[in-house]
file structure_36.pdb (PDB, C-alpha atoms)
ATOM      1  CA  MET A 234      27.542  70.426  81.702
ATOM      2  CA  ASP A 235      24.118  69.069  82.697
ATOM      3  CA  SER A 236      22.530  69.965  86.043
ATOM      4  CA  VAL A 237      22.593  66.360  87.302
ATOM      5  CA  THR A 238      26.353  66.183  86.858
ATOM      6  CA  ASN A 239      26.788  69.607  88.464
ATOM      7  CA  ASN A 240      24.860  68.429  91.510
ATOM      8  CA  LYS A 241      27.071  65.345  91.796
ATOM      9  CA  ILE A 242      30.186  67.495  91.562
ATOM     10  CA  ASN A 243      28.924  69.656  94.430
ATOM     11  CA  ILE A 244      28.399  66.544  96.548
ATOM     12  CA  ILE A 245      32.019  65.443  96.067
ATOM     13  CA  SER A 246      33.440  68.122  98.331
ATOM     14  CA  GLN A 247      31.131  66.891 101.113
ATOM     15  CA  ASN A 248      32.561  63.368 100.902
ATOM     16  CA  LYS A 249      35.416  63.051 103.371
ATOM     17  CA  THR A 250      35.964  59.296 103.141
ATOM     18  CA  TRP A 251      36.207  57.184  99.984
ATOM     19  CA  LEU A 252      36.635  53.421 100.414
ATOM     20  CA  PHE A 253      37.963  51.061  97.734
ATOM     21  CA  VAL A 254      36.415  47.624  97.216
ATOM     22  CA  PRO A 255      37.855  45.212  94.602
ATOM     23  CA  ALA A 256      35.377  44.423  91.850
ATOM     24  CA  THR A 257      36.180  40.748  92.458
ATOM     25  CA  ARG A 258      34.681  41.072  95.957
ATOM     26  CA  ILE A 259      31.267  42.611  95.439
ATOM     27  CA  ASP A 260      30.203  40.874  98.641
ATOM     28  CA  ARG A 261      32.292  43.469 100.510
ATOM     29  CA  VAL A 262      30.323  46.454  99.214
ATOM     30  CA  ALA A 263      27.635  46.152 101.885
ATOM     31  CA  LYS A 264      30.326  45.945 104.574
ATOM     32  CA  ALA A 265      31.988  49.014 103.096
ATOM     33  CA  PHE A 266      28.788  51.054 103.342
ATOM     34  CA  ALA A 267      28.217  49.731 106.862
ATOM     35  CA  SER A 268      31.519  51.327 107.904
ATOM     36  CA  GLY A 269      29.834  54.722 107.619
ATOM     37  CA  VAL A 270      31.943  55.772 104.645
ATOM     38  CA  ASP A 271      30.748  58.662 102.509
ATOM     39  CA  ALA A 272      31.448  56.983  99.167
ATOM     40  CA  VAL A 273      32.342  53.475  98.009
ATOM     41  CA  ILE A 274      34.627  52.985  94.995
ATOM     42  CA  VAL A 275      34.483  49.633  93.250
ATOM     43  CA  ASP A 276      37.857  49.054  91.612
ATOM     44  CA  LEU A 277      38.091  47.514  88.151
ATOM     45  CA  GLU A 278      41.724  48.518  87.651
ATOM     46  CA  ASP A 279      44.762  47.523  89.745
ATOM     47  CA  ALA A 280      42.783  45.395  92.197
ATOM     48  CA  VAL A 281      41.602  43.069  89.419
ATOM     49  CA  ALA A 282      43.894  40.838  87.348
ATOM     50  CA  SER A 283      43.403  40.989  83.587
ATOM     51  CA  GLU A 284      41.994  37.477  83.439
ATOM     52  CA  ASP A 285      39.431  38.299  86.136
ATOM     53  CA  LYS A 286      38.067  41.556  84.741
ATOM     54  CA  ALA A 287      35.307  39.978  82.627
ATOM     55  CA  ASP A 288      33.847  38.080  85.576
ATOM     56  CA  ALA A 289      34.200  41.180  87.749
ATOM     57  CA  ARG A 290      32.148  43.228  85.284
ATOM     58  CA  LYS A 291      29.418  40.584  85.290
ATOM     59  CA  ALA A 292      29.311  40.618  89.080
ATOM     60  CA  LEU A 293      29.112  44.400  89.070
ATOM     61  CA  GLN A 294      26.227  44.354  86.603
ATOM     62  CA  GLN A 295      24.363  41.833  88.740
ATOM     63  CA  TYR A 296      24.911  43.936  91.849
ATOM     64  CA  HIS A 297      23.714  47.087  90.088
ATOM     65  CA  ASP A 298      20.517  45.346  89.006
ATOM     66  CA  SER A 299      19.831  43.849  92.447
ATOM     67  CA  ALA A 300      17.574  45.159  95.187
ATOM     68  CA  ASP A 301      20.644  45.607  97.411
ATOM     69  CA  TYR A 302      22.301  48.178  95.144
ATOM     70  CA  GLN A 303      23.566  51.408  96.673
ATOM     71  CA  PRO A 304      25.090  54.048  94.370
ATOM     72  CA  ILE A 305      28.826  53.478  93.949
ATOM     73  CA  TRP A 306      31.730  55.113  92.171
ATOM     74  CA  LEU A 307      33.653  52.987  89.687
ATOM     75  CA  ARG A 308      37.397  53.120  89.079
ATOM     76  CA  ILE A 309      37.902  52.292  85.435
ATOM     77  CA  ASN A 310      41.043  51.397  83.519
ATOM     78  CA  LYS A 311      43.351  53.793  81.693
ATOM     79  CA  ALA A 312      41.940  55.529  78.639
ATOM     80  CA  GLY A 313      42.927  53.814  75.409
ATOM     81  CA  SER A 314      43.335  50.353  76.908
ATOM     82  CA  ASP A 315      41.244  47.369  75.848
ATOM     83  CA  ALA A 316      39.847  47.189  79.369
ATOM     84  CA  PHE A 317      38.808  50.852  79.178
ATOM     85  CA  ILE A 318      36.450  50.253  76.259
ATOM     86  CA  LYS A 319      34.788  47.397  78.115
ATOM     87  CA  ASP A 320      34.540  49.470  81.294
ATOM     88  CA  ILE A 321      32.770  52.268  79.396
ATOM     89  CA  ALA A 322      30.337  49.733  77.938
ATOM     90  CA  LEU A 323      29.620  48.554  81.483
ATOM     91  CA  CYS A 324      28.926  52.132  82.594
ATOM     92  CA  HIS A 325      26.213  52.353  79.924
ATOM     93  CA  GLN A 326      24.532  49.366  81.542
ATOM     94  CA  MET A 327      24.746  50.911  85.037
ATOM     95  CA  PRO A 328      22.801  54.197  84.832
ATOM     96  CA  ASN A 329      22.729  54.627  88.617
ATOM     97  CA  LEU A 330      26.471  55.034  89.090
ATOM     98  CA  SER A 331      27.526  58.069  91.117
ATOM     99  CA  GLY A 332      30.575  58.688  88.925
ATOM    100  CA  VAL A 333      33.879  57.296  87.722
ATOM    101  CA  LEU A 334      37.516  57.521  88.734
ATOM    102  CA  LEU A 335      39.751  57.448  85.677
ATOM    103  CA  ALA A 336      43.012  55.634  86.390
ATOM    104  CA  LYS A 337      46.329  57.066  85.192
ATOM    105  CA  THR A 338      44.826  60.207  83.688
ATOM    106  CA  GLU A 339      47.260  62.130  81.487
ATOM    107  CA  GLN A 340      45.291  64.416  79.168
ATOM    108  CA  ALA A 341      42.139  66.518  79.090
ATOM    109  CA  GLU A 342      40.790  64.691  76.043
ATOM    110  CA  ASP A 343      40.500  61.472  78.047
ATOM    111  CA  ILE A 344      38.379  63.176  80.704
ATOM    112  CA  ASN A 345      36.202  64.824  78.061
ATOM    113  CA  ASN A 346      35.651  61.484  76.360
ATOM    114  CA  VAL A 347      34.741  59.650  79.555
ATOM    115  CA  HIS A 348      32.213  62.310  80.485
ATOM    116  CA  GLN A 349      30.723  62.423  76.986
ATOM    117  CA  LEU A 350      30.453  58.644  76.836
ATOM    118  CA  THR A 351      28.977  58.190  80.320
ATOM    119  CA  ASN A 352      27.431  61.570  81.267
ATOM    120  CA  LEU A 353      29.015  61.052  84.687
ATOM    121  CA  PRO A 354      31.327  63.256  86.777
ATOM    122  CA  VAL A 355      34.968  62.205  86.576
ATOM    123  CA  ILE A 356      37.620  62.130  89.284
ATOM    124  CA  ALA A 357      41.004  62.138  87.565
ATOM    125  CA  LEU A 358      43.678  60.026  89.244
ATOM    126  CA  ILE A 359      47.149  61.475  88.683
ATOM    127  CA  GLU A 360      49.638  58.602  88.728
ATOM    128  CA  SER A 361      52.489  59.659  86.433
ATOM    129  CA  ALA A 362      54.856  62.547  85.839
ATOM    130  CA  MET A 363      53.063  63.335  82.579
ATOM    131  CA  GLY A 364      49.709  63.431  84.354
ATOM    132  CA  LEU A 365      51.062  65.809  86.982
ATOM    133  CA  TYR A 366      52.618  67.992  84.294
ATOM    134  CA  GLN A 367      49.272  68.267  82.485
ATOM    135  CA  ILE A 368      46.981  69.063  85.425
ATOM    136  CA  ASP A 369      46.393  72.682  84.403
ATOM    137  CA  SER A 370      45.074  71.698  80.981
ATOM    138  CA  MET A 371      43.138  68.760  82.434
ATOM    139  CA  ALA A 372      41.459  71.077  84.939
ATOM    140  CA  LYS A 373      39.583  72.652  82.018
ATOM    141  CA  ALA A 374      38.113  69.336  80.860
ATOM    142  CA  VAL A 375      34.352  69.028  80.683
ATOM    143  CA  GLY A 376      33.032  66.671  83.346
ATOM    144  CA  LEU A 377      36.034  66.860  85.663
ATOM    145  CA  ALA A 378      34.861  67.058  89.263
ATOM    146  CA  ALA A 379      38.075  66.638  91.233
ATOM    147  CA  PHE A 380      41.643  65.372  91.211
ATOM    148  CA  SER A 381      43.183  62.656  93.312
ATOM    149  CA  TYR A 382      46.519  60.929  92.957
ATOM    150  CA  GLY A 383      48.319  57.640  93.356
ATOM    151  CA  PHE A 384      51.474  58.460  95.264
ATOM    152  CA  LEU A 385      53.214  55.087  94.960
ATOM    153  CA  ASP A 386      52.796  55.103  91.182
ATOM    154  CA  LEU A 387      54.043  58.674  91.022
ATOM    155  CA  CYS A 388      57.074  57.781  93.136
ATOM    156  CA  ASN A 389      57.916  54.913  90.814
ATOM    157  CA  ASP A 390      57.649  57.159  87.775
ATOM    158  CA  LEU A 391      59.635  60.007  89.370
ATOM    159  CA  GLN A 392      62.167  57.589  90.913
ATOM    160  CA  VAL A 393      61.424  58.896  94.405
ATOM    161  CA  GLN A 394      62.267  56.584  97.295
ATOM    162  CA  VAL A 395      59.088  55.939  99.278
ATOM    163  CA  GLY A 396      59.204  56.395 103.055
ATOM    164  CA  THR A 397      61.931  59.038 103.054
ATOM    165  CA  PRO A 398      61.916  62.750 103.952
ATOM    166  CA  ALA A 399      62.398  63.408 100.234
ATOM    167  CA  ALA A 400      59.175  61.538  99.478
ATOM    168  CA  ASP A 401      57.325  63.684 102.027
ATOM    169  CA  ILE A 402      58.559  66.832 100.288
ATOM    170  CA  ILE A 403      57.396  65.531  96.914
ATOM    171  CA  ALA A 404      54.003  64.494  98.344
ATOM    172  CA  ASN A 405      53.368  67.959  99.742
ATOM    173  CA  GLN A 406      54.418  69.556  96.468
ATOM    174  CA  ILE A 407      51.892  67.358  94.653
ATOM    175  CA  ARG A 408      49.184  68.298  97.136
ATOM    176  CA  TYR A 409      49.976  71.985  96.728
ATOM    177  CA  GLN A 410      49.839  71.797  92.929
ATOM    178  CA  LEU A 411      46.513  69.977  92.970
ATOM    179  CA  ILE A 412      45.013  72.318  95.585
ATOM    180  CA  LEU A 413      46.053  75.452  93.719
ATOM    181  CA  THR A 414      44.935  74.187  90.310
ATOM    182  CA  SER A 415      41.599  72.983  91.681
ATOM    183  CA  LYS A 416      40.924  76.330  93.338
ATOM    184  CA  VAL A 417      41.782  78.376  90.261
ATOM    185  CA  HIS A 418      39.540  76.243  88.033
ATOM    186  CA  GLN A 419      36.679  76.048  90.565
ATOM    187  CA  LEU A 420      36.854  72.300  91.031
ATOM    188  CA  SER A 421      36.126  70.452  94.240
ATOM    189  CA  PRO A 422      39.264  70.423  96.424
ATOM    190  CA  PRO A 423      41.430  67.374  95.664
ATOM    191  CA  ILE A 424      41.146  64.040  97.454
ATOM    192  CA  ASP A 425      44.241  62.768  99.237
ATOM    193  CA  THR A 426      45.833  59.459  98.322
ATOM    194  CA  ILE A 427      45.660  56.238 100.344
ATOM    195  CA  TYR A 428      47.511  55.596 103.596
ATOM    196  CA  PRO A 429      48.797  52.049 102.989
ATOM    197  CA  ASP A 430      49.396  50.913 106.600
ATOM    198  CA  PHE A 431      45.801  50.359 107.709
ATOM    199  CA  ASN A 432      46.937  49.162 111.154
ATOM    200  CA  ASN A 433      48.731  52.421 111.971
ATOM    201  CA  GLU A 434      46.014  54.650 113.434
ATOM    202  CA  VAL A 435      48.478  57.241 114.751
ATOM    203  CA  GLY A 436      50.117  57.633 111.361
ATOM    204  CA  LEU A 437      46.736  57.841 109.641
ATOM    205  CA  ASN A 438      45.544  60.494 112.085
ATOM    206  CA  ASP A 439      48.679  62.545 111.382
ATOM    207  CA  ARG A 440      48.086  62.233 107.645
ATOM    208  CA  VAL A 441      44.492  63.410 107.987
ATOM    209  CA  GLN A 442      45.599  66.430 109.995
ATOM    210  CA  LEU A 443      48.088  67.270 107.252
ATOM    211  CA  TRP A 444      45.803  67.150 104.235
ATOM    212  CA  SER A 445      42.827  68.708 105.997
ATOM    213  CA  GLN A 446      44.954  71.625 107.200
ATOM    214  CA  MET A 447      46.180  72.073 103.624
ATOM    215  CA  GLY A 448      42.598  72.378 102.352
ATOM    216  CA  MET A 449      41.975  69.036 100.651
ATOM    217  CA  SER A 450      38.432  67.665 100.709
ATOM    218  CA  GLY A 451      38.783  64.001 101.651
ATOM    219  CA  MET A 452      40.844  60.828 101.530
ATOM    220  CA  LEU A 453      40.972  57.500  99.730
ATOM    221  CA  CYS A 454      40.795  54.525 102.127
ATOM    222  CA  ILE A 455      41.707  50.889 101.561
ATOM    223  CA  HIS A 456      40.207  49.263 104.670
ATOM    224  CA  PRO A 457      36.905  49.812 106.514
ATOM    225  CA  LYS A 458      38.732  50.384 109.823
ATOM    226  CA  GLN A 459      40.337  53.515 108.357
ATOM    227  CA  VAL A 460      36.981  55.230 107.887
ATOM    228  CA  ALA A 461      36.270  55.865 111.567
ATOM    229  CA  VAL A 462      39.845  57.028 112.169
ATOM    230  CA  VAL A 463      39.601  59.600 109.381
ATOM    231  CA  GLN A 464      36.205  60.824 110.533
ATOM    232  CA  GLN A 465      37.359  61.195 114.123
ATOM    233  CA  ALA A 466      40.538  62.999 113.085
ATOM    234  CA  LEU A 467      38.462  65.567 111.216
ATOM    235  CA  GLN A 468      36.392  66.500 114.264
ATOM    236  CA  PRO A 469      37.427  69.825 115.817
ATOM    237  CA  THR A 470      38.466  69.658 119.463
ATOM    238  CA  ASP A 471      36.262  71.065 122.213
ATOM    239  CA  GLU A 472      38.878  73.757 122.766
ATOM    240  CA  THR A 473      38.754  74.769 119.104
ATOM    241  CA  LEU A 474      34.951  74.928 119.096
ATOM    242  CA  LEU A 475      34.898  76.970 122.292
ATOM    243  CA  PHE A 476      37.346  79.492 120.839
ATOM    244  CA  ALA A 477      35.276  79.726 117.646
ATOM    245  CA  GLN A 478      32.132  80.334 119.660
ATOM    246  CA  ARG A 479      33.827  83.103 121.651
ATOM    247  CA  VAL A 480      35.046  84.716 118.433
ATOM    248  CA  VAL A 481      31.607  84.774 116.855
ATOM    249  CA  GLU A 482      29.912  85.975 120.046
ATOM    250  CA  GLU A 483      32.411  88.817 120.498
ATOM    251  CA  TYR A 484      32.082  89.861 116.862
ATOM    252  CA  GLU A 485      28.285  89.914 117.080
ATOM    253  CA  ARG A 486      28.401  91.786 120.384
ATOM    254  CA  SER A 487      30.972  94.433 119.485
ATOM    255  CA  GLY A 488      30.681  94.711 115.726
ATOM    256  CA  GLN A 489      34.443  95.237 115.629
ATOM    257  CA  ALA A 490      36.340  93.868 112.628
ATOM    258  CA  VAL A 491      39.527  93.388 114.657
ATOM    259  CA  PHE A 492      39.775  92.450 118.323
ATOM    260  CA  LYS A 493      41.662  90.201 120.749
ATOM    261  CA  ILE A 494      40.677  87.046 122.605
ATOM    262  CA  ASP A 495      43.128  85.722 125.200
ATOM    263  CA  GLY A 496      45.806  87.893 123.635
ATOM    264  CA  GLU A 497      45.252  86.450 120.145
ATOM    265  CA  MET A 498      44.455  88.858 117.318
ATOM    266  CA  VAL A 499      41.149  88.125 115.587
ATOM    267  CA  ASP A 500      40.295  89.562 112.181
ATOM    268  CA  ALA A 501      38.018  88.754 109.225
ATOM    269  CA  PRO A 502      39.609  85.402 108.179
ATOM    270  CA  VAL A 503      39.522  84.124 111.781
ATOM    271  CA  ILE A 504      35.897  85.202 112.149
ATOM    272  CA  GLU A 505      34.916  83.463 108.924
ATOM    273  CA  ARG A 506      36.749  80.288 109.879
ATOM    274  CA  SER A 507      35.062  80.309 113.282
ATOM    275  CA  ARG A 508      31.655  80.577 111.632
ATOM    276  CA  GLN A 509      32.468  77.662 109.341
ATOM    277  CA  LEU A 510      33.477  75.493 112.271
ATOM    278  CA  LEU A 511      30.270  76.193 114.150
ATOM    279  CA  VAL A 512      27.963  75.293 111.257
ATOM    280  CA  LYS A 513      29.624  71.951 110.462
TER     281      LYS A 513
END
call {"tool": "encode", "arguments": {"input": "structure_36.pdb", "output": "structure tokens"}}
result
Amino acid sequence: MDSVTNNKINIISQNKTWLFVPATRIDRVAKAFASGVDAVIVDLEDAVASEDKADARKALQQYHDSADYQPIWLRINKAGSDAFIKDIALCHQMPNLSGVLLAKTEQAEDINNVHQLTNLPVIALIESAMGLYQIDSMAKAVGLAAFSYGFLDLCNDLQVQVGTPAADIIANQIRYQLILTSKVHQLSPPIDTIYPDFNNEVGLNDRVQLWSQMGMSGMLCIHPKQVAVVQQALQPTDETLLFAQRVVEEYERSGQAVFKIDGEMVDAPVIERSRQLLVK
């Protein structure tokens, strides 16, 4: 893989917030960036009706060629579809794209092809049972930077009832599979799926705590107001930072590999985590 693509892959894990903008509403891209989001995804797939895709591509091209352009990610249609071929052609005309999200990814060959055709890093969206089943082989694809997933699509395919305790179990199993596979194959940690109720800040905060504690790298957002909520939820508390500081100071003072602070055992993993918190 080329060095430019490798650099872009490394940047992915630093992006905590990813905000979708429909390709039919290019006027919202500036507002999306103004939200403070780390990455903007312009959506050419589900957010755009078939009859509107041609006009959406033209608008995207015009935006890319304008003085207002800021590097975006592009969600393209499923490999093998008529829309996919046209989306790839558009990518050739937009050399300053940050990368692509491939909708409904199900096989490594599709990721390889997208990367070869565009020379861009690919985020594979897992949205079907077959895609989930194939993640280990897809993780070896050239150009793959990270996985994400579409939970509602997966629920429909798996016949899981959304909004139930059973759905929560399935969601966490999906997260675990993606986290483990990504780690083994040295990919960026996976990006969590959308939280559909953009008016529920408490629920969104709880979701962020969940995926961040599991080791995922970021989250897909569907509304600018979600960006600040996610960013705030990711900030360590003052209490956490103070404990981390005490851990590091005691380790540097004593040189001991194992010690106690306030009755809590501290060893190498706790010391390393404390260092990570203090350098963020």
call {"tool": "resolve_selection", "arguments": {"input": "structure_36.pdb", "expression": "the PyMOL selection byres ((chain A and resi 432) around 12)", "output": "NGL selection string"}}
result
:A and (428-431 or 433-438 or 455-459 or 462)
call {"tool": "resolve_selection", "arguments": {"input": "structure_36.pdb", "expression": "the PyMOL selection byres ((chain A and resi 268-273) around 8)", "output": "list in words"}}
result
Asn248, Lys249, Thr250, Trp251, Leu252, Phe253, Val254, Val262, Lys264, Ala265, Phe266, Ala267, Ile274, Val275, Ile305, Trp306, Pro457, Lys458, Val460 and Ala461 of chain A
call {"tool": "closest_residue", "arguments": {"input": "structure_36.pdb", "among": "A:Leu443, A:Ile368, A:Val375, A:Ala322", "to": "Ala404 of chain A", "atoms": "all atoms listed in the file"}}
result
A:Leu443
call {"tool": "resolve_selection", "arguments": {"input": "structure_36.pdb", "expression": "the PyMOL selection byres ((chain A and resi 379-395) around 8)", "output": "NGL selection string"}}
result
:A and (242 or 245 or 355-362 or 377-378 or 396-397 or 399-400 or 404 or 411 or 415 or 420-427)
call {"tool": "write_last_selection", "arguments": {"input": "structure_36.pdb", "atoms": "C-alpha atoms", "output": "short mmCIF file (atom, residue, chain, number, x, y, z; two decimals), in the frame of the given file"}}
result
data_model
loop_
_atom_site.label_atom_id
_atom_site.label_comp_id
_atom_site.auth_asym_id
_atom_site.auth_seq_id
_atom_site.Cartn_x
_atom_site.Cartn_y
_atom_site.Cartn_z
CA ILE A 242 30.19 67.50 91.56
CA ILE A 245 32.02 65.44 96.07
CA VAL A 355 34.97 62.20 86.58
CA ILE A 356 37.62 62.13 89.28
CA ALA A 357 41.00 62.14 87.56
CA LEU A 358 43.68 60.03 89.24
CA ILE A 359 47.15 61.48 88.68
CA GLU A 360 49.64 58.60 88.73
CA SER A 361 52.49 59.66 86.43
CA ALA A 362 54.86 62.55 85.84
CA LEU A 377 36.03 66.86 85.66
CA ALA A 378 34.86 67.06 89.26
CA GLY A 396 59.20 56.40 103.06
CA THR A 397 61.93 59.04 103.05
CA ALA A 399 62.40 63.41 100.23
CA ALA A 400 59.18 61.54 99.48
CA ALA A 404 54.00 64.49 98.34
CA LEU A 411 46.51 69.98 92.97
CA SER A 415 41.60 72.98 91.68
CA LEU A 420 36.85 72.30 91.03
CA SER A 421 36.13 70.45 94.24
CA PRO A 422 39.26 70.42 96.42
CA PRO A 423 41.43 67.37 95.66
CA ILE A 424 41.15 64.04 97.45
CA ASP A 425 44.24 62.77 99.24
CA THR A 426 45.83 59.46 98.32
CA ILE A 427 45.66 56.24 100.34
#
call {"tool": "residues_around", "arguments": {"input": "structure_36.pdb", "residues": "segment 406-410 of chain A", "least_positions_apart": "4", "cutoff": "8 Å", "atoms": "all atoms listed in the file", "output": "list of chain:residue names"}}
result
A:Leu365, A:Ile402, A:Thr414, A:Pro423, A:Asp425, A:Trp444, A:Met447
call {"tool": "residues_around", "arguments": {"input": "structure_36.pdb", "residues": "Val499 of chain A", "least_positions_apart": "2", "cutoff": "12 Å", "atoms": "all atoms listed in the file", "output": "VMD selection string"}}
result
chain A and resid 476 to 477 479 to 481 483 to 484 489 to 497 501 to 507
call {"tool": "atom_distance", "arguments": {"input": "structure_36.pdb", "atom1": "atom CA of Tyr296 of chain A", "atom2": "atom CA of Asn346 of chain A"}}
result
25.8 Å
call {"tool": "atom_distance", "arguments": {"input": "structure_36.pdb", "atom1": "atom CA of Ala300 of chain A", "atom2": "atom CA of Ala263 of chain A"}}
result
12.1 Å
call {"tool": "closest_residue", "arguments": {"input": "structure_36.pdb", "among": "A:Met498, A:Asp301, A:Met452, A:Gln509", "to": "Gln478 of chain A", "atoms": "all atoms listed in the file"}}
result
A:Gln509
call {"tool": "decode", "arguments": {"input": "structure_36.pdb", "residues": "segment 410-459 of chain A", "atoms": "C-alpha atoms", "output": "PDB file, in the first residue's frame"}}
result
ATOM      1  CA  GLN A 410     -16.170  -9.391  16.596  1.00  0.00           C
ATOM      2  CA  LEU A 411     -15.139  -6.210  14.808  1.00  0.00           C
ATOM      3  CA  ILE A 412     -12.823  -5.110  17.635  1.00  0.00           C
ATOM      4  CA  LEU A 413     -11.075  -8.470  17.830  1.00  0.00           C
ATOM      5  CA  THR A 414     -10.699  -8.859  14.064  1.00  0.00           C
ATOM      6  CA  SER A 415      -9.419  -5.300  13.671  1.00  0.00           C
ATOM      7  CA  LYS A 416      -6.832  -5.789  16.405  1.00  0.00           C
ATOM      8  CA  VAL A 417      -5.550  -9.085  15.030  1.00  0.00           C
ATOM      9  CA  HIS A 418      -5.170  -7.644  11.520  1.00  0.00           C
ATOM     10  CA  GLN A 419      -3.677  -4.327  12.704  1.00  0.00           C
ATOM     11  CA  LEU A 420      -6.502  -2.170  11.413  1.00  0.00           C
ATOM     12  CA  SER A 421      -7.754   1.003  13.028  1.00  0.00           C
ATOM     13  CA  PRO A 422     -10.273   0.120  15.767  1.00  0.00           C
ATOM     14  CA  PRO A 423     -13.816  -0.052  14.360  1.00  0.00           C
ATOM     15  CA  ILE A 424     -16.220   2.882  14.233  1.00  0.00           C
ATOM     16  CA  ASP A 425     -19.525   2.487  16.049  1.00  0.00           C
ATOM     17  CA  THR A 426     -22.829   2.748  14.224  1.00  0.00           C
ATOM     18  CA  ILE A 427     -25.263   5.671  14.375  1.00  0.00           C
ATOM     19  CA  TYR A 428     -27.470   6.528  17.344  1.00  0.00           C
ATOM     20  CA  PRO A 429     -30.773   7.281  15.576  1.00  0.00           C
ATOM     21  CA  ASP A 430     -32.506   9.414  18.248  1.00  0.00           C
ATOM     22  CA  PHE A 431     -30.551  12.652  17.860  1.00  0.00           C
ATOM     23  CA  ASN A 432     -32.677  14.378  20.522  1.00  0.00           C
ATOM     24  CA  ASN A 433     -31.752  11.876  23.241  1.00  0.00           C
ATOM     25  CA  GLU A 434     -28.502  13.223  24.694  1.00  0.00           C
ATOM     26  CA  VAL A 435     -28.584  10.908  27.719  1.00  0.00           C
ATOM     27  CA  GLY A 436     -28.964   7.830  25.548  1.00  0.00           C
ATOM     28  CA  LEU A 437     -26.217   9.021  23.209  1.00  0.00           C
ATOM     29  CA  ASN A 438     -23.871   9.661  26.128  1.00  0.00           C
ATOM     30  CA  ASP A 439     -24.511   6.129  27.412  1.00  0.00           C
ATOM     31  CA  ARG A 440     -23.783   4.709  23.967  1.00  0.00           C
ATOM     32  CA  VAL A 441     -20.501   6.606  23.738  1.00  0.00           C
ATOM     33  CA  GLN A 442     -19.436   5.312  27.140  1.00  0.00           C
ATOM     34  CA  LEU A 443     -20.185   1.778  25.966  1.00  0.00           C
ATOM     35  CA  TRP A 444     -18.246   1.743  22.714  1.00  0.00           C
ATOM     36  CA  SER A 445     -15.330   3.780  24.031  1.00  0.00           C
ATOM     37  CA  GLN A 446     -14.933   1.449  27.012  1.00  0.00           C
ATOM     38  CA  MET A 447     -14.959  -1.487  24.590  1.00  0.00           C
ATOM     39  CA  GLY A 448     -12.068   0.019  22.611  1.00  0.00           C
ATOM     40  CA  MET A 449     -13.741   1.332  19.460  1.00  0.00           C
ATOM     41  CA  SER A 450     -12.247   4.422  17.831  1.00  0.00           C
ATOM     42  CA  GLY A 451     -15.202   6.670  17.029  1.00  0.00           C
ATOM     43  CA  MET A 452     -18.852   6.971  16.069  1.00  0.00           C
ATOM     44  CA  LEU A 453     -21.024   7.732  13.063  1.00  0.00           C
ATOM     45  CA  CYS A 454     -23.336  10.724  13.641  1.00  0.00           C
ATOM     46  CA  ILE A 455     -26.447  11.792  11.755  1.00  0.00           C
ATOM     47  CA  HIS A 456     -26.991  15.296  13.162  1.00  0.00           C
ATOM     48  CA  PRO A 457     -24.570  18.137  13.985  1.00  0.00           C
ATOM     49  CA  LYS A 458     -25.914  18.383  17.556  1.00  0.00           C
ATOM     50  CA  GLN A 459     -24.620  14.865  18.249  1.00  0.00           C
TER      51      GLN A 459
END
